[in-house]
Amino acid sequence: MSYDLAARTHLMGVLNVTPDSFSDGGRFLDPDNAFRRAIEMEEGGADFIDIGGESTKPGSAPVTVEDELRRVLPVIERCSGRLTVPISIDTTKSEVARAAIDAGATLINDVSAGVFDPAIVSLAGRSDVPMILMHMQGTPATMQNQPIYGDVTREVAAFLDERAKNAQGLGVKQVIIDPGIGFGKSLEHNIRLIRELHILTTSGHPVLVGVSRKSFIGSILNLPVGDRMEGTAAAVAACIFAGAHIVRVHDVREMKRVAVMCDALKPLHVRADLTL
């Protein structure tokens, strides 16, 4: 299985079913509330719904497989067959990914790129589902403890290239790469990655970027999480003009409008319809 990600920018709606995610932790712990939010995002223009049951904000600790399954499975089961857009499972654990696929998920989003649990990559290959591989320096608990790079863009690109080759060797037909904005990066690292995102778009793999409401926006604008809509819109636009294929966002309806405008305005060489 693979998704056609050429021709226009696609939106991935964030659905955190956790008590402690940085932006909306606790709002969608109830499966019925989460399902209603998924429907709202689909109606707002989401092309994927990304469901996660473990917070990966800076300083967060991992949760057990049992807790993660208890959070995500009721939501996936409600959404499967009732949404017209694909469901993504945001996890680093192969056991969670396997149960999510059985319940109806058709995409794996792994912030560790298969490093934390290598079996998840083999699972994606056997299950014929695409996989998002993200770069992170360290772990969520430690990643913001003075991250250091020589050349952040080149190092992130090299890591993602290696992980993509590993995934393809294990049968994953479509690999999507994510530079991991905010995951083991300083403000300067995040800005440089966005400015140089075009380097990643030459990899031959679709590029996903998650900038929505993140702390680098708060640092630049001196604003709290709940007041970063305009900053998110500007960062999303910058990523789209650099060639991003998917943007992962909380505010789907508003960022859909941003994406449509950017697609209409971006240069022809960025709009080239690639078979991805």
# chains A, B, ... in the order shown; residues from 1 in each chain; ligands from 1

call {"tool": "select_by_dssp", "arguments": {"residues": "range 26-271 of chain A", "states": "strand (DSSP E)", "output": "list in words"}}
result
Phe48, Ile49, Asp50, Ile51, Gly52, Ile87, Ser88, Ile89, Asp90, Leu107, Ile108, Asn109, Asp110, Met131, Ile132, Leu133, Met134, Val175, Ile176, Ile177, Asp178, Leu208, Val209, Ile246, Val247, Arg248 and Val249 of chain A

call {"tool": "write_last_selection", "arguments": {"atoms": "C-alpha atoms", "output": "CSV table (one decimal), in the first residue's frame"}}
result
chain,number,residue,atom,x,y,z
A,48,PHE,CA,-5.0,11.6,7.6
A,49,ILE,CA,-5.9,11.3,11.3
A,50,ASP,CA,-2.9,10.6,13.5
A,51,ILE,CA,-3.8,8.9,16.8
A,52,GLY,CA,-1.3,8.7,19.6
A,87,ILE,CA,-5.9,6.4,10.2
A,88,SER,CA,-2.3,6.7,11.4
A,89,ILE,CA,-1.0,5.2,14.6
A,90,ASP,CA,1.6,7.4,16.3
A,107,LEU,CA,-0.1,4.0,8.5
A,108,ILE,CA,2.6,3.9,11.2
A,109,ASN,CA,4.1,7.1,12.5
A,110,ASP,CA,7.3,6.4,14.6
A,131,MET,CA,5.8,4.2,7.6
A,132,ILE,CA,6.7,7.7,8.8
A,133,LEU,CA,10.3,7.8,10.0
A,134,MET,CA,11.2,10.8,12.2
A,175,VAL,CA,8.7,5.6,3.5
A,176,ILE,CA,7.8,9.1,4.5
A,177,ILE,CA,10.5,11.1,6.3
A,178,ASP,CA,10.2,13.8,9.0
A,208,LEU,CA,6.2,15.3,6.5
A,209,VAL,CA,6.8,18.3,8.8
A,246,ILE,CA,2.4,16.6,4.4
A,247,VAL,CA,2.0,19.0,7.3
A,248,ARG,CA,0.9,17.6,10.7
A,249,VAL,CA,-1.3,20.1,12.5

call {"tool": "residues_around", "arguments": {"residues": "Leu11 in chain A", "least_positions_apart": "5", "cutoff": "12 Å", "atoms": "only C-alpha atoms", "output": "VMD selection string"}}
result
chain A and resid 5 41 to 42 44 to 50 85 to 86 207 to 210 212 236 240 244 to 260

call {"tool": "closest_residue", "arguments": {"among": "A:Thr202, A:Ser2, A:Thr64, A:Thr9", "to": "Val96 in chain A", "atoms": "only C-alpha atoms"}}
result
A:Thr64

call {"tool": "select_by_dssp", "arguments": {"residues": "range 99-241 of chain A", "states": "alpha helix (DSSP H)", "output": "PyMOL selection string"}}
result
chain A and resi 99-103+119-127+152-169+187-195+197-200+215-221+229-241

call {"tool": "write_last_selection", "arguments": {"atoms": "C-alpha atoms", "output": "CSV table (one decimal), in the first residue's frame"}}
result
chain,number,residue,atom,x,y,z
A,99,ALA,CA,-3.0,-4.0,17.4
A,100,ALA,CA,-3.8,-0.7,15.7
A,101,ILE,CA,-3.4,-2.1,12.2
A,102,ASP,CA,-5.7,-5.0,13.2
A,103,ALA,CA,-8.2,-2.4,14.4
A,119,ALA,CA,10.4,-5.0,15.1
A,120,ILE,CA,8.0,-2.2,14.2
A,121,VAL,CA,9.7,-1.7,10.8
A,122,SER,CA,9.4,-5.4,10.0
A,123,LEU,CA,5.8,-5.2,11.0
A,124,ALA,CA,5.2,-2.4,8.5
A,125,GLY,CA,6.8,-4.4,5.8
A,126,ARG,CA,4.8,-7.5,6.5
A,127,SER,CA,1.6,-5.5,6.9
A,152,VAL,CA,22.0,19.8,11.6
A,153,THR,CA,20.4,19.5,8.2
A,154,ARG,CA,23.1,17.2,6.7
A,155,GLU,CA,23.1,15.0,9.9
A,156,VAL,CA,19.3,14.7,9.9
A,157,ALA,CA,19.2,13.9,6.2
A,158,ALA,CA,21.9,11.2,6.6
A,159,PHE,CA,20.1,9.6,9.5
A,160,LEU,CA,16.8,9.5,7.6
A,161,ASP,CA,18.4,8.2,4.5
A,162,GLU,CA,19.9,5.3,6.5
A,163,ARG,CA,16.7,4.5,8.2
A,164,ALA,CA,14.7,4.7,5.0
A,165,LYS,CA,17.1,2.2,3.3
A,166,ASN,CA,16.7,-0.1,6.3
A,167,ALA,CA,12.9,0.1,6.1
A,168,GLN,CA,12.9,-0.5,2.4
A,169,GLY,CA,15.1,-3.5,2.9
A,187,LEU,CA,15.7,27.1,18.3
A,188,GLU,CA,18.5,27.7,15.8
A,189,HIS,CA,18.4,24.0,14.7
A,190,ASN,CA,14.7,24.2,14.1
A,191,ILE,CA,14.9,27.4,12.1
A,192,ARG,CA,17.8,26.0,10.0
A,193,LEU,CA,15.9,22.8,9.2
A,194,ILE,CA,12.9,24.7,7.9
A,195,ARG,CA,15.1,27.0,5.9
A,197,LEU,CA,14.0,21.7,4.1
A,198,HIS,CA,14.5,21.6,0.3
A,199,ILE,CA,17.6,19.4,1.0
A,200,LEU,CA,15.3,16.7,2.4
A,215,SER,CA,7.9,25.8,21.3
A,216,PHE,CA,10.2,27.4,18.7
A,217,ILE,CA,7.1,29.5,17.6
A,218,GLY,CA,6.5,30.4,21.2
A,219,SER,CA,10.2,31.4,21.6
A,220,ILE,CA,10.1,33.7,18.5
A,221,LEU,CA,6.8,35.3,19.3
A,229,MET,CA,-2.1,30.1,15.3
A,230,GLU,CA,-0.5,32.8,13.2
A,231,GLY,CA,3.0,31.5,14.0
A,232,THR,CA,2.0,28.0,13.0
A,233,ALA,CA,0.4,29.3,9.8
A,234,ALA,CA,3.7,31.1,8.8
A,235,ALA,CA,5.8,28.0,9.6
A,236,VAL,CA,3.4,25.7,7.7
A,237,ALA,CA,3.6,28.1,4.7
A,238,ALA,CA,7.4,28.1,4.8
A,239,CYS,CA,7.5,24.3,4.8
A,240,ILE,CA,5.0,24.0,1.9
A,241,PHE,CA,7.0,26.5,-0.2

call {"tool": "closest_residue", "arguments": {"among": "A:Arg228, A:Thr84, A:Pro74, A:Pro140", "to": "Ala61 in chain A", "atoms": "only C-alpha atoms"}}
result
A:Pro140

call {"tool": "closest_residue", "arguments": {"among": "A:Pro224, A:Pro179, A:Gly53, A:Gly81", "to": "Ala105 in chain A", "atoms": "only C-alpha atoms"}}
result
A:Gly81

call {"tool": "closest_residue", "arguments": {"among": "A:Val225, A:Ile181, A:Ala141, A:Val75", "to": "Val211 in chain A", "atoms": "only C-alpha atoms"}}
result
A:Ile181
